[in-house]
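*Asks:* As input, take work-v9.csv (CSV, C-alpha atoms):
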chain,number,residue,atom,x,y,z
H,1,MET,CA,-16.6,-2.6,-62.7
H,2,ARG,CA,-17.0,-0.5,-65.8
H,3,ALA,CA,-19.8,2.1,-66.1
H,4,GLY,CA,-19.2,2.9,-69.8
H,5,GLU,CA,-19.2,6.2,-71.5
H,6,GLY,CA,-21.2,8.9,-69.7
H,7,MET,CA,-21.0,12.4,-68.3
H,8,PHE,CA,-22.6,14.4,-65.5
H,9,VAL,CA,-22.8,17.7,-67.5
H,10,ALA,CA,-24.7,18.5,-70.7
H,11,ARG,CA,-26.0,21.7,-72.4
H,12,THR,CA,-29.5,22.6,-73.4
H,13,ILE,CA,-30.3,23.8,-76.9
H,14,ALA,CA,-30.6,27.3,-75.4
H,15,GLY,CA,-27.0,27.1,-74.3
H,16,TYR,CA,-27.5,26.5,-70.6
H,17,ARG,CA,-25.2,24.1,-68.7
H,18,VAL,CA,-27.0,21.4,-66.7
H,19,CYS,CA,-25.6,18.8,-64.3
H,20,THR,CA,-27.2,15.6,-63.0
H,21,LEU,CA,-25.8,16.5,-59.5
H,22,GLU,CA,-27.6,19.9,-59.4
H,23,GLN,CA,-30.8,19.7,-61.4
H,24,SER,CA,-33.7,17.5,-60.5
H,25,LYS,CA,-34.4,14.1,-62.2
H,26,ASN,CA,-37.8,15.3,-63.3
H,27,GLN,CA,-36.4,18.5,-64.9
H,28,LEU,CA,-33.7,16.6,-66.8
H,29,GLN,CA,-36.0,13.8,-67.9
H,30,ALA,CA,-38.3,16.5,-69.4
H,31,LEU,CA,-35.5,18.2,-71.2
H,32,ALA,CA,-34.2,14.9,-72.6
H,33,LYS,CA,-37.7,13.8,-73.7
H,34,ASN,CA,-38.0,17.0,-75.7
H,35,GLY,CA,-34.6,16.4,-77.3
H,36,GLU,CA,-33.2,19.6,-75.7
H,37,LEU,CA,-30.0,18.2,-74.2
H,38,MET,CA,-26.7,17.9,-76.1
H,39,CYS,CA,-23.1,17.0,-75.6
H,40,PRO,CA,-21.0,20.1,-74.7
H,41,VAL,CA,-18.2,18.8,-77.0
H,42,CYS,CA,-19.7,17.4,-80.2
H,43,HIS,CA,-23.3,18.9,-79.8
H,44,GLU,CA,-24.9,15.6,-80.5
H,45,GLU,CA,-28.1,14.8,-78.6
H,46,VAL,CA,-27.8,13.0,-75.3
H,47,ARG,CA,-30.2,11.2,-73.1
H,48,TYR,CA,-30.6,11.1,-69.4
H,49,TRP,CA,-29.7,7.8,-67.8
H,50,SER,CA,-30.8,6.8,-64.2
H,51,GLN,CA,-32.1,3.3,-64.5
H,52,THR,CA,-29.5,1.6,-62.2
H,53,ASP,CA,-28.8,1.7,-58.5
H,54,THR,CA,-25.1,1.2,-58.9
H,55,VAL,CA,-24.2,4.1,-61.2
H,56,ARG,CA,-25.0,7.7,-60.6
H,57,PRO,CA,-27.4,9.4,-63.0
H,58,HIS,CA,-25.6,10.7,-66.0
H,59,PHE,CA,-25.9,11.6,-69.7
H,60,LYS,CA,-25.1,9.3,-72.6
H,61,HIS,CA,-24.9,10.0,-76.3
H,62,LYS,CA,-28.1,9.0,-78.0
H,63,SER,CA,-26.5,7.8,-81.3
H,64,LYS,CA,-22.8,7.3,-80.3
H,65,GLU,CA,-20.9,5.2,-77.9
H,66,ASN,CA,-18.1,7.6,-77.7
H,67,CYS,CA,-17.8,11.3,-78.5
H,68,LEU,CA,-15.3,11.4,-81.3
H,69,GLU,CA,-14.4,15.1,-80.7
H,70,ASP,CA,-13.5,14.6,-77.1
H,71,LYS,CA,-9.8,14.1,-77.7
H,72,TYR,CA,-8.9,13.2,-74.2
H,73,GLY,CA,-12.1,11.5,-73.1
H,74,GLU,CA,-12.0,8.0,-71.6
H,75,ASN,CA,-14.7,5.4,-70.8
H,76,GLU,CA,-15.4,5.7,-67.1
H,77,THR,CA,-15.5,3.2,-64.4
H,78,ILE,CA,-17.9,3.4,-61.5
H,79,GLU,CA,-14.8,4.3,-59.4
H,80,HIS,CA,-14.0,7.2,-61.6
H,81,GLN,CA,-17.6,8.5,-61.6
H,82,ASN,CA,-17.9,8.3,-57.8
H,83,GLY,CA,-14.4,9.8,-57.2
H,84,LYS,CA,-14.8,12.8,-59.4
H,85,TYR,CA,-18.2,13.5,-57.8
H,86,GLN,CA,-16.6,13.3,-54.3
H,87,LEU,CA,-13.8,15.7,-55.4
H,88,PHE,CA,-16.4,18.1,-56.8
H,89,LYS,CA,-18.3,18.2,-53.5
H,90,HIS,CA,-15.1,18.5,-51.6
H,91,MET,CA,-13.8,21.5,-53.6
H,92,LYS,CA,-17.1,23.3,-53.4
H,93,GLY,CA,-17.0,22.9,-49.6
H,94,LEU,CA,-13.3,24.0,-49.4
H,95,TYR,CA,-13.7,27.0,-51.7
H,96,PRO,CA,-17.2,28.5,-51.4
H,97,GLU,CA,-16.1,31.8,-52.9
H,98,SER,CA,-14.7,30.1,-56.0
H,99,GLN,CA,-16.4,28.8,-59.1
H,100,VAL,CA,-16.2,25.0,-59.0
H,101,GLU,CA,-17.3,23.1,-62.2
H,102,LEU,CA,-17.6,19.5,-63.0
H,103,GLU,CA,-16.3,18.2,-66.4
H,104,TYR,CA,-15.0,21.6,-67.4
H,105,ARG,CA,-14.1,22.0,-71.1
H,106,ILE,CA,-10.8,23.8,-72.0
H,107,ASN,CA,-11.3,24.7,-75.6
H,108,GLU,CA,-7.6,25.8,-76.2
H,109,THR,CA,-6.3,22.3,-75.3
H,110,GLN,CA,-9.3,20.2,-76.1
H,111,GLN,CA,-9.3,18.8,-72.6
H,112,ARG,CA,-12.1,18.2,-70.2
H,113,SER,CA,-11.0,18.3,-66.6
H,114,ASP,CA,-12.8,16.2,-64.0
H,115,VAL,CA,-13.2,19.2,-61.7
H,116,MET,CA,-12.2,22.8,-62.3
H,117,VAL,CA,-11.7,25.4,-59.6
H,118,ILE,CA,-11.7,29.0,-60.8
H,119,HIS,CA,-10.7,31.3,-57.9
H,120,PRO,CA,-11.8,34.9,-57.5
H,121,ASN,CA,-8.3,36.1,-58.6
H,122,GLY,CA,-8.7,34.2,-61.9
H,123,GLU,CA,-6.3,31.3,-61.0
H,124,LYS,CA,-7.5,28.0,-62.3
H,125,TRP,CA,-6.9,24.6,-60.8
H,126,ALA,CA,-7.7,21.4,-62.8
H,127,ILE,CA,-8.4,18.4,-60.5
H,128,GLU,CA,-7.9,15.1,-62.4
H,129,PHE,CA,-8.9,11.7,-60.9
H,130,GLN,CA,-7.0,9.2,-62.9
H,131,CYS,CA,-8.1,5.5,-62.6
H,132,SER,CA,-7.4,4.1,-66.0
H,133,PRO,CA,-3.8,3.1,-66.9
H,134,ILE,CA,-2.1,5.7,-69.0
H,135,SER,CA,1.6,6.0,-69.9
H,136,LYS,CA,4.0,8.5,-68.5
H,137,ASP,CA,4.2,10.2,-71.9
H,138,ASP,CA,0.5,10.6,-72.1
H,139,TRP,CA,0.3,12.0,-68.6
H,140,SER,CA,3.2,14.4,-69.3
H,141,LYS,CA,1.5,15.6,-72.5
H,142,ARG,CA,-1.8,16.3,-70.7
H,143,HIS,CA,0.0,17.9,-67.7
H,144,GLN,CA,2.0,20.2,-70.0
H,145,LEU,CA,-1.1,21.2,-71.9
H,146,TYR,CA,-2.7,22.5,-68.7
H,147,LYS,CA,0.5,24.4,-67.9
H,148,SER,CA,0.6,25.9,-71.4
H,149,VAL,CA,-2.7,27.8,-70.7
H,150,GLY,CA,-1.8,28.8,-67.2
H,151,ILE,CA,-3.8,26.1,-65.4
H,152,LYS,CA,-2.4,24.3,-62.4
H,153,ALA,CA,-3.2,20.6,-62.6
H,154,PHE,CA,-3.5,18.3,-59.5
H,155,TRP,CA,-3.6,14.5,-60.2
H,156,ILE,CA,-5.2,12.1,-57.8
H,157,LEU,CA,-5.0,8.4,-58.5
H,158,GLY,CA,-7.6,5.8,-57.9
H,159,MET,CA,-7.2,2.8,-55.6
H,160,SER,CA,-7.2,0.6,-58.7
H,161,VAL,CA,-3.9,2.2,-59.7
H,162,LEU,CA,-2.4,1.4,-56.3
H,163,GLN,CA,-3.7,-2.1,-56.3
H,164,ARG,CA,-2.3,-2.8,-59.9
H,165,ASN,CA,1.2,-1.8,-58.8
H,166,LYS,CA,1.7,-3.3,-55.4
H,167,GLU,CA,5.2,-4.5,-55.9
H,168,LYS,CA,6.6,-1.7,-58.0
H,169,LYS,CA,5.4,1.8,-58.7
H,170,SER,CA,4.4,2.5,-62.3
H,171,PRO,CA,6.1,5.2,-64.5
H,172,LEU,CA,2.9,7.3,-64.0
H,173,GLU,CA,3.2,7.2,-60.2
H,174,ASN,CA,6.9,8.0,-60.5
H,175,ALA,CA,6.3,11.0,-62.8
H,176,ILE,CA,3.6,12.4,-60.5
H,177,TYR,CA,5.9,12.1,-57.5
H,178,GLN,CA,8.8,13.7,-59.3
H,179,ASP,CA,6.5,16.7,-60.2
H,180,ASN,CA,4.8,17.1,-56.9
H,181,GLN,CA,6.9,15.2,-54.3
H,182,ARG,CA,3.9,13.2,-53.2
H,183,VAL,CA,1.3,10.9,-54.6
H,184,LEU,CA,-2.4,10.9,-53.5
H,185,TYR,CA,-4.8,8.0,-53.9
H,186,LEU,CA,-8.5,8.4,-53.4
H,187,ASP,CA,-10.6,5.4,-52.2
H,188,ALA,CA,-13.9,6.2,-53.7
H,189,LEU,CA,-15.7,3.6,-51.6
H,190,THR,CA,-14.7,4.9,-48.2
H,191,GLU,CA,-13.9,8.5,-49.3
H,192,LYS,CA,-10.5,8.1,-47.7
H,193,VAL,CA,-7.2,9.6,-49.1
H,194,ILE,CA,-3.9,7.7,-49.0
H,195,LEU,CA,-0.8,9.9,-49.1
H,196,HIS,CA,2.5,8.4,-50.2
H,197,GLU,CA,4.8,11.3,-49.3
H,198,ARG,CA,8.3,9.8,-49.2
H,199,PHE,CA,9.8,7.3,-51.6
H,200,LEU,CA,12.9,5.1,-51.6
H,201,TYR,CA,14.9,5.2,-54.8
H,202,LYS,CA,16.8,2.0,-55.7
H,203,PHE,CA,19.1,2.1,-58.7
H,204,ASP,CA,19.8,-1.2,-60.4
H,205,GLY,CA,22.3,0.1,-62.9
H,206,ILE,CA,19.7,0.9,-65.6
H,207,HIS,CA,16.9,2.8,-64.0
H,208,PHE,CA,15.5,4.0,-60.6
H,209,ASP,CA,12.8,2.0,-59.0
H,210,VAL,CA,10.5,4.0,-56.6
H,211,SER,CA,8.8,2.3,-53.7
H,212,PRO,CA,6.6,3.9,-51.0
H,213,ASP,CA,8.2,4.6,-47.6
H,214,ILE,CA,5.3,6.1,-45.8
H,215,SER,CA,1.5,5.9,-46.2
H,216,ILE,CA,-1.0,8.2,-44.4
H,217,THR,CA,-4.7,7.4,-44.7
H,218,SER,CA,-7.2,10.1,-43.7
H,219,ASP,CA,-10.6,11.6,-44.4
H,220,PHE,CA,-11.0,14.3,-47.0
With the file now loaded, output its structure as structure tokens.

*Replies:*
Amino acid sequence: MRAGEGMFVARTIAGYRVCTLEQSKNQLQALAKNGELMCPVCHEEVRYWSQTDTVRPHFKHKSKENCLEDKYGENETIEHQNGKYQLFKHMKGLYPESQVELEYRINETQQRSDVMVIHPNGEKWAIEFQCSPISKDDWSKRHQLYKSVGIKAFWILGMSVLQRNKEKKSPLENAIYQDNQRVLYLDALTEKVILHERFLYKFDGIHFDVSPDISITSDF
């Protein structure tokens, strides 16, 4: 089910960062009513959206369907919205001494990570929850961009990716495995993580096919 374009983070005209997961509904509605909320990327006015029980409160552009300046932005599914919220909460709990940000903008690369963890020693981790189908080349480009500015990127896939590729792993899954020696899938409905840690490689004379050899399902 598609939620459409939306984001959890906006900025006020005064330059303050606000988040639908941290500020109250009344506070954000008042700011939106006064026209004081804007997109952190294109600076267009955004509205506060909370009129549905199936989608978490979020911000939407008032006059655009998509932010044209958000180079790597994608329309979000409900799975993606719920998953990145769960990852945000999980990282805040794991690293209470670190700065954990949702939808963090990296100006140097024009990327917006789902979650960013900035540790006290300055090390940065980008946590990406990938649900939409992207090519191996697109993933590689985005992954290398993070590396180019010294950010360590961790990619977690949605269950929709696993379900789309039941018979044969996709080039995206293969690439993530080759980079990290494991593939993680997050079930945003149950908040369970599935770990595919070992893979069997089968060579058909042209290319390697990768299929899972072990699956471990656990809580966060």

*Asks:* Kindly give the distance, in Å, that separates atom CA of Gly35 of chain H and atom CA of Arg47 of chain H, rounded to a single decimal.

*Replies:*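 So the two atoms, atom CA of Gly35 of chain H and atom CA of Arg47 of chain H, lie 8.0 Å apart.
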
*Asks:* Counting only C-alpha atoms, I want the residues whose atoms come within 12 Å of (-16.2, 9.8, -60.8) in the file frame, returned as an NGL selection string.

*Replies:* :H and (2-8 or 21 or 55-58 or 74-89 or 102-103 or 113-115 or 127-132 or 156-158 or 186-189 or 191)

*Asks:* For Asn26 of chain H, work out the shell of residues within 12 Å, counting all atoms listed in the file and skipping chain neighbours fewer than 6 positions away, then give it as a ChimeraX atom specification.

*Replies:* /H:20,32-33,48-50,57

*Asks:* From the options H:Val117, H:Ile106, H:Gln163, H:Lys168, which residue's atoms come nearest to Val149 of chain H, counting only C-alpha atoms?

*Replies:*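 Among the listed residues, the smallest separation from Val149 of chain H belongs to H:Ile106.
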
*Asks:* With all atoms listed in the file as the atoms that count, which of H:Phe154, H:Tyr146, H:Asn34, H:Met159 lies nearest to Asn180 of chain H?

*Replies:* H:Phe154

*Asks:* Which is closer to Lys147 of chain H than all the others in H:Glu108, H:Asn174, H:Cys19, H:Val183, using only C-alpha atoms?

*Replies:*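 Selected residue with least distance to Lys147 of chain H: H:Glu108.
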
*Asks:* Kindly give the distance, in Å, that separates atom CA of Glu123 of chain H and atom CA of Arg17 of chain H, rounded to a single decimal.

*Replies:*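 Rounded to one decimal, the two atoms are 21.6 Å apart.
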
*Asks:* N, CA, C and O atoms are needed for segment 155-171 of chain H; please write them out as a PDB file, keeping the file's coordinate frame.

*Replies:*
ATOM      1  N   TRP H 155      -3.213  15.907 -59.805  1.00  0.00           N
ATOM      2  CA  TRP H 155      -3.600  14.500 -60.200  1.00  0.00           C
ATOM      3  C   TRP H 155      -3.749  13.674 -58.980  1.00  0.00           C
ATOM      4  O   TRP H 155      -2.836  13.543 -58.157  1.00  0.00           O
ATOM      5  N   ILE H 156      -4.911  13.062 -58.851  1.00  0.00           N
ATOM      6  CA  ILE H 156      -5.200  12.100 -57.800  1.00  0.00           C
ATOM      7  C   ILE H 156      -5.504  10.780 -58.399  1.00  0.00           C
ATOM      8  O   ILE H 156      -6.307  10.692 -59.344  1.00  0.00           O
ATOM      9  N   LEU H 157      -4.878   9.747 -57.907  1.00  0.00           N
ATOM     10  CA  LEU H 157      -5.000   8.400 -58.500  1.00  0.00           C
ATOM     11  C   LEU H 157      -6.060   7.602 -57.754  1.00  0.00           C
ATOM     12  O   LEU H 157      -6.300   7.799 -56.566  1.00  0.00           O
ATOM     13  N   GLY H 158      -6.676   6.673 -58.478  1.00  0.00           N
ATOM     14  CA  GLY H 158      -7.600   5.800 -57.900  1.00  0.00           C
ATOM     15  C   GLY H 158      -6.954   4.617 -57.168  1.00  0.00           C
ATOM     16  O   GLY H 158      -5.793   4.298 -57.433  1.00  0.00           O
ATOM     17  N   MET H 159      -7.705   3.972 -56.276  1.00  0.00           N
ATOM     18  CA  MET H 159      -7.200   2.800 -55.600  1.00  0.00           C
ATOM     19  C   MET H 159      -6.829   1.684 -56.559  1.00  0.00           C
ATOM     20  O   MET H 159      -5.952   0.860 -56.299  1.00  0.00           O
ATOM     21  N   SER H 160      -7.513   1.655 -57.684  1.00  0.00           N
ATOM     22  CA  SER H 160      -7.200   0.600 -58.700  1.00  0.00           C
ATOM     23  C   SER H 160      -5.795   0.747 -59.193  1.00  0.00           C
ATOM     24  O   SER H 160      -5.149  -0.255 -59.518  1.00  0.00           O
ATOM     25  N   VAL H 161      -5.268   1.974 -59.267  1.00  0.00           N
ATOM     26  CA  VAL H 161      -3.900   2.200 -59.700  1.00  0.00           C
ATOM     27  C   VAL H 161      -2.925   1.627 -58.636  1.00  0.00           C
ATOM     28  O   VAL H 161      -1.957   0.932 -58.951  1.00  0.00           O
ATOM     29  N   LEU H 162      -3.218   1.927 -57.378  1.00  0.00           N
ATOM     30  CA  LEU H 162      -2.400   1.400 -56.300  1.00  0.00           C
ATOM     31  C   LEU H 162      -2.373  -0.082 -56.225  1.00  0.00           C
ATOM     32  O   LEU H 162      -1.335  -0.713 -56.031  1.00  0.00           O
ATOM     33  N   GLN H 163      -3.533  -0.684 -56.428  1.00  0.00           N
ATOM     34  CA  GLN H 163      -3.700  -2.100 -56.300  1.00  0.00           C
ATOM     35  C   GLN H 163      -2.994  -2.841 -57.525  1.00  0.00           C
ATOM     36  O   GLN H 163      -2.519  -3.968 -57.391  1.00  0.00           O
ATOM     37  N   ARG H 164      -2.973  -2.165 -58.681  1.00  0.00           N
ATOM     38  CA  ARG H 164      -2.300  -2.800 -59.900  1.00  0.00           C
ATOM     39  C   ARG H 164      -0.821  -2.812 -59.713  1.00  0.00           C
ATOM     40  O   ARG H 164      -0.156  -3.618 -60.362  1.00  0.00           O
ATOM     41  N   ASN H 165      -0.277  -1.908 -58.913  1.00  0.00           N
ATOM     42  CA  ASN H 165       1.200  -1.800 -58.800  1.00  0.00           C
ATOM     43  C   ASN H 165       1.672  -1.933 -57.402  1.00  0.00           C
ATOM     44  O   ASN H 165       2.358  -1.072 -56.863  1.00  0.00           O
ATOM     45  N   LYS H 166       1.298  -3.044 -56.773  1.00  0.00           N
ATOM     46  CA  LYS H 166       1.700  -3.300 -55.400  1.00  0.00           C
ATOM     47  C   LYS H 166       3.148  -3.454 -55.171  1.00  0.00           C
ATOM     48  O   LYS H 166       3.731  -2.989 -54.195  1.00  0.00           O
ATOM     49  N   GLU H 167       3.780  -4.160 -56.084  1.00  0.00           N
ATOM     50  CA  GLU H 167       5.200  -4.500 -55.900  1.00  0.00           C
ATOM     51  C   GLU H 167       6.123  -3.405 -56.382  1.00  0.00           C
ATOM     52  O   GLU H 167       7.195  -3.192 -55.830  1.00  0.00           O
ATOM     53  N   LYS H 168       5.719  -2.690 -57.395  1.00  0.00           N
ATOM     54  CA  LYS H 168       6.600  -1.700 -58.000  1.00  0.00           C
ATOM     55  C   LYS H 168       5.758  -0.550 -58.535  1.00  0.00           C
ATOM     56  O   LYS H 168       4.759  -0.768 -59.209  1.00  0.00           O
ATOM     57  N   LYS H 169       6.151   0.667 -58.223  1.00  0.00           N
ATOM     58  CA  LYS H 169       5.400   1.800 -58.700  1.00  0.00           C
ATOM     59  C   LYS H 169       5.519   1.954 -60.216  1.00  0.00           C
ATOM     60  O   LYS H 169       6.552   1.682 -60.816  1.00  0.00           O
ATOM     61  N   SER H 170       4.436   2.381 -60.833  1.00  0.00           N
ATOM     62  CA  SER H 170       4.400   2.500 -62.300  1.00  0.00           C
ATOM     63  C   SER H 170       5.102   3.808 -62.710  1.00  0.00           C
ATOM     64  O   SER H 170       5.306   4.726 -61.901  1.00  0.00           O
ATOM     65  N   PRO H 171       5.474   3.919 -63.993  1.00  0.00           N
ATOM     66  CA  PRO H 171       6.100   5.200 -64.500  1.00  0.00           C
ATOM     67  C   PRO H 171       5.152   6.378 -64.254  1.00  0.00           C
ATOM     68  O   PRO H 171       5.646   7.478 -64.010  1.00  0.00           O
TER      69      PRO H 171
END
